[in-house]
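Asker: Please see the structure below; I have some questions.
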Amino acid sequence: MKHLLSAADLSRDEAQLILDTAEEMRSLADRPIKKLPALRGRTVVNLFFEDSTRTRISFEAAAKRLSADVINFSAKGSSLSKGESLKDTALTLQAMGADGVVCRHGSSGAPHLLAKSGWMTGSVVNAGDGTHEHPTQALLDAFTMRRHLGSLEGRRITIVGDVLHSRVARSNVLLLSTLGAEVTVVAPPTLVPVDMSRWPCATSYDFDAVLPKSDAVMMLRVQRERMNDAFFPSAREYTRRYGLDKNRMAQLPDEAIVLHPGPMNRGMEISAEVADSTRSVIVEQVTNGVAIRMAVLYLLLSGSNETEEQTA
Ligand code: CP
């Protein structure tokens, strides 16, 4: 595998390999020295055209823990404001040397364009493209679920909320179904994608009916910045029907966990009490995100390292 662009590109064996490798990387977090020399001499470029806290920082931490050099590019403060194109930005960063490129972009398909255009020769990792995909988020979510639930085969995972605008939902449905989970998506009718019938999951509009049968519930952020009022007439009505509060959480089976990819709208899709409860694994998801991104960078970039060392 040269790039990681979509959760759909991962076979079950490839996904398991990433999760197993992340388990090894996760164990480093408990050691006094958290660094490995695996990517020494390699350069990872974080190419972020859209805002991010968790993904950008965890990719940077992951690359540094593997001893790679890191170049951070943010659209804000760059020459994009002077009209520079994606192509010229990519060529400029490639000229500085990039073995791996982590790309977040507001347009669906931008990382695919980078991977296929030849503007950059390194491996490309999709760190979230428009409303399309966010494969490393899905991997860290599956990793977190696996640590709590064991094998995901036959596990009932419920994903709730603004599915229409969610790259996290699409990547999770694809990856979790590959791993054998039974996924149900719950959303208001106005926030269901038109191609939903082709997704490998069930669809429901009744959150309360699905909750008691869920091993894990993933709440999605309501992406008000991507929608108009026709999609979202009332925050209070949304929270009443699709929000997770303490009373709803009580319907979950005893061992069920609650996830959210962040950033959260506390009080809208998830109450503060639920977000901070013992069932919530939201902070743990962030920790696991570093391990997953270490595993992805290691698996994509360390092979070419070996080849180079062998031929040197
Ligand atoms: N979950 C996620 O992608 O968060 P950020 O936007 O903060 O990276």
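Ordered as shown in the structure tokens, chains take letters A, B, and onward, while each chain numbers its residues from 1 and ligands are numbered from 1 in the order shown.
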Which residues sit within 8 Å of ligand 1, counting only C-alpha atoms and all ligand atoms, listed as a ChimeraX atom specification?
Answerer: /A:51-57,127-128,134,137,168,261-263
Asker: Based on the selection just made, write C-alpha atoms of those residues as a PDB file, in the first residue's frame.
Answerer:
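Saved the output as again.pdb:
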```
ATOM      1  CA  ASP A  51      -8.648  23.761  10.429  1.00  0.00           C
ATOM      2  CA  SER A  52      -7.810  20.877  12.713  1.00  0.00           C
ATOM      3  CA  THR A  53      -6.728  20.333  16.299  1.00  0.00           C
ATOM      4  CA  ARG A  54      -6.663  16.568  16.901  1.00  0.00           C
ATOM      5  CA  THR A  55      -5.639  15.260  13.483  1.00  0.00           C
ATOM      6  CA  ARG A  56      -2.895  17.792  12.750  1.00  0.00           C
ATOM      7  CA  ILE A  57      -1.299  17.615  16.187  1.00  0.00           C
ATOM      8  CA  ALA A 127      -6.541  13.452   6.879  1.00  0.00           C
ATOM      9  CA  GLY A 128     -10.101  14.432   5.949  1.00  0.00           C
ATOM     10  CA  HIS A 134     -11.376  10.496   7.121  1.00  0.00           C
ATOM     11  CA  GLN A 137     -10.293   8.709  12.260  1.00  0.00           C
ATOM     12  CA  VAL A 168     -16.107  10.308   9.728  1.00  0.00           C
ATOM     13  CA  PRO A 261     -14.639  12.176  16.946  1.00  0.00           C
ATOM     14  CA  GLY A 262     -14.558  15.787  18.176  1.00  0.00           C
ATOM     15  CA  PRO A 263     -14.845  18.667  18.168  1.00  0.00           C
TER      16      PRO A 263
END
```
Asker: Residues within 9 Å of A:Leu149, please, as a ChimeraX atom specification. Count only C-alpha atoms; anything in the same chain fewer than 4 positions from it doesn't count.
Answerer: /A:144-145,155,215-216,255-257
Asker: Please provide the set of residues having any atom within 12 Å of A:Ala75, restricted to only C-alpha atoms, with same-chain residues fewer than 4 positions apart removed, written as a PDB file with C-alpha atoms, in the first residue's frame.
Answerer:
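After the write, out_1.pdb holds the following:
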```
ATOM      1  CA  ASN A  46       1.428  18.064   7.195  1.00  0.00           C
ATOM      2  CA  LEU A  47      -0.550  19.859   4.509  1.00  0.00           C
ATOM      3  CA  PHE A  48      -3.634  21.336   6.169  1.00  0.00           C
ATOM      4  CA  PHE A  49      -5.931  23.497   4.069  1.00  0.00           C
ATOM      5  CA  GLU A  50      -8.716  23.205   6.669  1.00  0.00           C
ATOM      6  CA  ASP A  51      -8.648  23.761  10.429  1.00  0.00           C
ATOM      7  CA  SER A  52      -7.810  20.877  12.713  1.00  0.00           C
ATOM      8  CA  SER A  79       0.706  32.117  -0.124  1.00  0.00           C
ATOM      9  CA  LEU A  80      -2.720  30.610  -0.872  1.00  0.00           C
ATOM     10  CA  SER A  81      -4.055  34.033   0.135  1.00  0.00           C
ATOM     11  CA  LYS A  82      -2.116  35.415  -2.872  1.00  0.00           C
ATOM     12  CA  GLY A  83      -3.870  32.989  -5.183  1.00  0.00           C
ATOM     13  CA  GLU A  84      -1.305  30.150  -5.248  1.00  0.00           C
ATOM     14  CA  SER A  85      -2.846  26.899  -6.510  1.00  0.00           C
ATOM     15  CA  LEU A  86      -2.877  23.435  -4.929  1.00  0.00           C
ATOM     16  CA  THR A  89       1.784  24.582  -3.255  1.00  0.00           C
ATOM     17  CA  CYS A 103      -3.431  16.202   3.562  1.00  0.00           C
ATOM     18  CA  ARG A 104      -6.622  17.766   4.903  1.00  0.00           C
ATOM     19  CA  HIS A 105      -8.669  19.729   2.417  1.00  0.00           C
ATOM     20  CA  GLY A 106     -12.168  21.174   2.227  1.00  0.00           C
TER      21      GLY A 106
END
```
Asker: Excluding stretch 222-236 of chain A and residues on its chain fewer than 5 positions from it, collect all residues at most 10 Å away from it, counting only C-alpha atoms, and give them as an NGL selection string.
Answerer: :A and (130-131 or 161-166 or 188-191 or 241-243 or 263-265 or 267-269)
Asker: How far is it from atom CA of A:Tyr205 to atom CA of A:Val192, in Å with one decimal?
Answerer: 9.7 Å
Asker: For a quick check of understanding, using only C-alpha atoms, which of A:Asp13, A:Asp69, A:Glu60, A:Asp141 has the smallest distance to A:Val173?
Answerer: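 Of A:Asp13, A:Asp69, A:Glu60, A:Asp141, the one nearest A:Val173, counting only C-alpha atoms, is A:Asp141.
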Asker: Determine which residues of stretch 87-311 of chain A DSSP labels as strand (DSSP E or B) from the backbone of this structure, then write them out as a VMD selection string.
Answerer: chain A and resid 100 to 105 123 to 129 133 156 to 160 182 to 186 202 to 204 216 to 219 244 257 to 259 266 270 280
Asker: May I have the selected residues written with N, CA and C atoms, as a tab-separated table (two decimals), in the first residue's frame?
Answerer:
```tsv
chain	number	residue	atom	x	y	z
A	100	GLY	N	6.38	11.64	2.95
A	100	GLY	CA	4.97	11.40	3.23
A	100	GLY	C	4.24	12.72	3.33
A	101	VAL	N	3.01	12.74	2.83
A	101	VAL	CA	2.20	13.96	2.85
A	101	VAL	C	0.87	13.63	3.52
A	102	VAL	N	0.58	14.37	4.57
A	102	VAL	CA	-0.70	14.20	5.27
A	102	VAL	C	-1.56	15.38	4.87
A	103	CYS	N	-2.66	15.10	4.17
A	103	CYS	CA	-3.43	16.20	3.56
A	103	CYS	C	-4.86	16.28	4.10
A	104	ARG	N	-5.21	17.45	4.62
A	104	ARG	CA	-6.62	17.77	4.90
A	104	ARG	C	-7.03	18.90	3.98
A	105	HIS	N	-8.21	18.72	3.38
A	105	HIS	CA	-8.67	19.73	2.42
A	105	HIS	C	-10.19	19.82	2.46
A	123	SER	N	4.19	9.15	-0.20
A	123	SER	CA	2.89	8.57	0.15
A	123	SER	C	1.95	9.66	0.62
A	124	VAL	N	0.69	9.54	0.24
A	124	VAL	CA	-0.32	10.53	0.65
A	124	VAL	C	-1.29	9.87	1.63
A	125	VAL	N	-1.52	10.56	2.74
A	125	VAL	CA	-2.52	10.10	3.71
A	125	VAL	C	-3.64	11.13	3.74
A	126	ASN	N	-4.86	10.64	3.57
A	126	ASN	CA	-6.04	11.51	3.63
A	126	ASN	C	-6.37	11.79	5.10
A	127	ALA	N	-6.24	13.05	5.49
A	127	ALA	CA	-6.54	13.45	6.88
A	127	ALA	C	-7.90	14.14	6.97
A	128	GLY	N	-8.76	13.84	5.98
A	128	GLY	CA	-10.10	14.43	5.95
A	128	GLY	C	-10.27	15.27	4.71
A	129	ASP	N	-11.14	14.84	3.78
A	129	ASP	CA	-11.36	15.61	2.55
A	129	ASP	C	-12.85	15.91	2.39
A	133	GLU	N	-14.16	11.48	3.17
A	133	GLU	CA	-13.59	10.43	4.03
A	133	GLU	C	-12.59	10.96	5.03
A	156	ARG	N	-22.52	-4.52	17.49
A	156	ARG	CA	-23.53	-3.61	16.96
A	156	ARG	C	-23.11	-2.16	17.26
A	157	ILE	N	-22.75	-1.47	16.21
A	157	ILE	CA	-22.23	-0.11	16.35
A	157	ILE	C	-23.27	0.86	15.76
A	158	THR	N	-23.61	1.88	16.53
A	158	THR	CA	-24.60	2.87	16.08
A	158	THR	C	-23.91	4.23	15.89
A	159	ILE	N	-24.11	4.80	14.73
A	159	ILE	CA	-23.52	6.11	14.39
A	159	ILE	C	-24.67	7.09	14.22
A	160	VAL	N	-24.63	8.20	14.96
A	160	VAL	CA	-25.81	9.05	15.08
A	160	VAL	C	-25.52	10.50	14.71
A	182	GLU	N	-21.80	-4.91	12.76
A	182	GLU	CA	-23.12	-4.57	12.21
A	182	GLU	C	-23.38	-3.10	12.54
A	183	VAL	N	-23.37	-2.27	11.51
A	183	VAL	CA	-23.46	-0.83	11.74
A	183	VAL	C	-24.87	-0.33	11.42
A	184	THR	N	-25.40	0.49	12.32
A	184	THR	CA	-26.66	1.18	12.06
A	184	THR	C	-26.41	2.69	12.13
A	185	VAL	N	-26.88	3.38	11.12
A	185	VAL	CA	-26.76	4.84	11.08
A	185	VAL	C	-28.13	5.43	11.44
A	186	VAL	N	-28.12	6.37	12.39
A	186	VAL	CA	-29.35	7.03	12.81
A	186	VAL	C	-29.21	8.52	12.50
A	202	ALA	N	-27.28	-0.51	8.13
A	202	ALA	CA	-28.72	-0.27	8.23
A	202	ALA	C	-28.95	1.21	8.53
A	203	THR	N	-30.16	1.70	8.23
A	203	THR	CA	-30.51	3.09	8.52
A	203	THR	C	-31.75	3.12	9.41
A	204	SER	N	-31.75	4.04	10.38
A	204	SER	CA	-32.93	4.20	11.24
A	204	SER	C	-33.12	5.69	11.52
A	216	ALA	N	-21.71	0.03	20.98
A	216	ALA	CA	-21.01	1.32	20.98
A	216	ALA	C	-21.89	2.32	20.24
A	217	VAL	N	-21.88	3.56	20.73
A	217	VAL	CA	-22.62	4.64	20.08
A	217	VAL	C	-21.64	5.75	19.75
A	218	MET	N	-21.60	6.12	18.48
A	218	MET	CA	-20.73	7.22	18.05
A	218	MET	C	-21.60	8.42	17.69
A	219	MET	N	-21.44	9.49	18.43
A	219	MET	CA	-22.19	10.71	18.15
A	219	MET	C	-21.38	11.57	17.17
A	244	LEU	N	-27.68	12.78	22.68
A	244	LEU	CA	-27.45	11.76	23.70
A	244	LEU	C	-27.27	12.46	25.05
A	257	ILE	N	-20.08	1.58	25.12
A	257	ILE	CA	-19.25	2.79	25.23
A	257	ILE	C	-19.79	3.90	24.31
A	258	VAL	N	-19.38	5.12	24.61
A	258	VAL	CA	-19.81	6.30	23.85
A	258	VAL	C	-18.58	6.96	23.23
A	259	LEU	N	-18.66	7.20	21.91
A	259	LEU	CA	-17.55	7.85	21.20
A	259	LEU	C	-18.03	9.15	20.54
A	266	ARG	N	-21.12	20.48	22.76
A	266	ARG	CA	-21.72	20.04	24.03
A	266	ARG	C	-23.09	20.70	24.18
A	270	ILE	N	-24.49	15.95	22.10
A	270	ILE	CA	-24.09	15.17	23.29
A	270	ILE	C	-24.11	16.12	24.49
A	280	SER	N	-17.83	7.33	28.46
A	280	SER	CA	-17.25	8.09	27.35
A	280	SER	C	-15.79	7.72	27.16
```
Asker: Might you pull out every residue within 8 Å of stretch 248-253 of chain A, with only C-alpha atoms counted and same-chain residues fewer than 6 positions away left off, and present them as a PyMOL selection string?
Answerer: chain A and resi 208+211-215+274
Asker: Would you save the residues of that selection, restricted to N, CA and C atoms, as a compact mmCIF listing (two decimals), in the first residue's frame?
Answerer:
```
# COMPACT_ATOMS: atom_id res chain seq x y z
N ASP A 208 -34.06 5.94 19.92
CA ASP A 208 -34.42 5.19 21.14
C ASP A 208 -34.62 3.70 20.86
N LEU A 211 -30.83 2.22 20.52
CA LEU A 211 -29.91 2.33 21.67
C LEU A 211 -29.75 1.04 22.49
N PRO A 212 -30.84 0.37 22.89
CA PRO A 212 -30.67 -0.79 23.78
C PRO A 212 -29.94 -1.96 23.11
N LYS A 213 -29.78 -1.88 21.77
CA LYS A 213 -29.12 -2.97 21.04
C LYS A 213 -27.73 -2.55 20.57
N SER A 214 -27.13 -1.55 21.20
CA SER A 214 -25.85 -1.01 20.71
C SER A 214 -24.71 -1.36 21.66
N ASP A 215 -23.61 -1.87 21.09
CA ASP A 215 -22.40 -2.09 21.90
C ASP A 215 -21.56 -0.82 21.97
N VAL A 274 -22.80 13.29 29.61
CA VAL A 274 -22.44 12.07 28.86
C VAL A 274 -20.99 12.15 28.40
```
Asker: Would you work out the distance separating atom CA of A:Ala63 from atom CA of A:Leu28, expressed in Å to one decimal?
Answerer: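 Value for the atom CA of A:Ala63-atom CA of A:Leu28 distance: 13.8 Å.
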Asker: From a DSSP calculation on the backbone, collect every residue of stretch 40-182 of chain A in helix (DSSP H, G or I) and output the set as a PyMOL selection string.
Answerer: chain A and resi 54-65+79-82+86-95+110-117+135-149+167-178
Asker: Dump C-alpha atoms for the selected residues as a PDB file, in the first residue's frame?
Answerer:
```pdb
ATOM      1  CA  ARG A  54      -6.663  16.568  16.901  1.00  0.00           C
ATOM      2  CA  THR A  55      -5.639  15.260  13.483  1.00  0.00           C
ATOM      3  CA  ARG A  56      -2.895  17.792  12.750  1.00  0.00           C
ATOM      4  CA  ILE A  57      -1.299  17.615  16.187  1.00  0.00           C
ATOM      5  CA  SER A  58      -1.518  13.839  16.458  1.00  0.00           C
ATOM      6  CA  PHE A  59       0.085  13.343  13.017  1.00  0.00           C
ATOM      7  CA  GLU A  60       2.863  15.684  14.095  1.00  0.00           C
ATOM      8  CA  ALA A  61       3.323  13.832  17.395  1.00  0.00           C
ATOM      9  CA  ALA A  62       3.218  10.480  15.583  1.00  0.00           C
ATOM     10  CA  ALA A  63       5.854  11.470  13.026  1.00  0.00           C
ATOM     11  CA  LYS A  64       8.126  12.903  15.722  1.00  0.00           C
ATOM     12  CA  ARG A  65       7.792   9.796  17.899  1.00  0.00           C
ATOM     13  CA  SER A  79       0.706  32.117  -0.124  1.00  0.00           C
ATOM     14  CA  LEU A  80      -2.720  30.610  -0.872  1.00  0.00           C
ATOM     15  CA  SER A  81      -4.055  34.033   0.135  1.00  0.00           C
ATOM     16  CA  LYS A  82      -2.116  35.415  -2.872  1.00  0.00           C
ATOM     17  CA  LEU A  86      -2.877  23.435  -4.929  1.00  0.00           C
ATOM     18  CA  LYS A  87      -0.490  22.298  -7.658  1.00  0.00           C
ATOM     19  CA  ASP A  88       2.079  25.028  -7.015  1.00  0.00           C
ATOM     20  CA  THR A  89       1.784  24.582  -3.255  1.00  0.00           C
ATOM     21  CA  ALA A  90       2.414  20.845  -3.680  1.00  0.00           C
ATOM     22  CA  LEU A  91       5.355  21.380  -6.056  1.00  0.00           C
ATOM     23  CA  THR A  92       6.901  23.873  -3.616  1.00  0.00           C
ATOM     24  CA  LEU A  93       6.685  21.467  -0.692  1.00  0.00           C
ATOM     25  CA  GLN A  94       7.932  18.568  -2.799  1.00  0.00           C
ATOM     26  CA  ALA A  95      10.981  20.668  -3.726  1.00  0.00           C
ATOM     27  CA  ALA A 110      -8.055  16.638  -3.012  1.00  0.00           C
ATOM     28  CA  PRO A 111      -5.745  13.986  -1.446  1.00  0.00           C
ATOM     29  CA  HIS A 112      -6.584  11.629  -4.347  1.00  0.00           C
ATOM     30  CA  LEU A 113      -5.526  14.367  -6.776  1.00  0.00           C
ATOM     31  CA  LEU A 114      -2.222  14.780  -4.924  1.00  0.00           C
ATOM     32  CA  ALA A 115      -1.617  11.032  -5.004  1.00  0.00           C
ATOM     33  CA  LYS A 116      -2.420  10.613  -8.692  1.00  0.00           C
ATOM     34  CA  SER A 117      -1.058  13.871 -10.144  1.00  0.00           C
ATOM     35  CA  PRO A 135      -9.803   7.026   7.185  1.00  0.00           C
ATOM     36  CA  THR A 136      -7.392   7.480  10.102  1.00  0.00           C
ATOM     37  CA  GLN A 137     -10.293   8.709  12.260  1.00  0.00           C
ATOM     38  CA  ALA A 138     -12.161   5.496  11.453  1.00  0.00           C
ATOM     39  CA  LEU A 139      -9.059   3.454  12.274  1.00  0.00           C
ATOM     40  CA  LEU A 140      -8.617   5.129  15.654  1.00  0.00           C
ATOM     41  CA  ASP A 141     -12.322   4.675  16.379  1.00  0.00           C
ATOM     42  CA  ALA A 142     -12.153   0.958  15.502  1.00  0.00           C
ATOM     43  CA  PHE A 143      -8.970   0.639  17.572  1.00  0.00           C
ATOM     44  CA  THR A 144     -10.670   2.243  20.582  1.00  0.00           C
ATOM     45  CA  MET A 145     -13.725  -0.014  20.203  1.00  0.00           C
ATOM     46  CA  ARG A 146     -11.537  -3.109  19.865  1.00  0.00           C
ATOM     47  CA  ARG A 147      -9.684  -2.257  23.071  1.00  0.00           C
ATOM     48  CA  HIS A 148     -13.007  -2.117  24.957  1.00  0.00           C
ATOM     49  CA  LEU A 149     -15.139  -4.705  23.157  1.00  0.00           C
ATOM     50  CA  ARG A 167     -16.528  12.116   6.381  1.00  0.00           C
ATOM     51  CA  VAL A 168     -16.107  10.308   9.728  1.00  0.00           C
ATOM     52  CA  ALA A 169     -19.390   8.425   9.280  1.00  0.00           C
ATOM     53  CA  ARG A 170     -18.587   7.240   5.761  1.00  0.00           C
ATOM     54  CA  SER A 171     -15.099   6.004   6.684  1.00  0.00           C
ATOM     55  CA  ASN A 172     -16.400   4.321   9.829  1.00  0.00           C
ATOM     56  CA  VAL A 173     -19.215   2.504   8.043  1.00  0.00           C
ATOM     57  CA  LEU A 174     -16.780   1.221   5.411  1.00  0.00           C
ATOM     58  CA  LEU A 175     -14.091   0.145   7.883  1.00  0.00           C
ATOM     59  CA  LEU A 176     -16.376  -1.298  10.564  1.00  0.00           C
ATOM     60  CA  SER A 177     -18.274  -3.390   8.010  1.00  0.00           C
ATOM     61  CA  THR A 178     -14.927  -4.673   6.669  1.00  0.00           C
TER      62      THR A 178
END
```
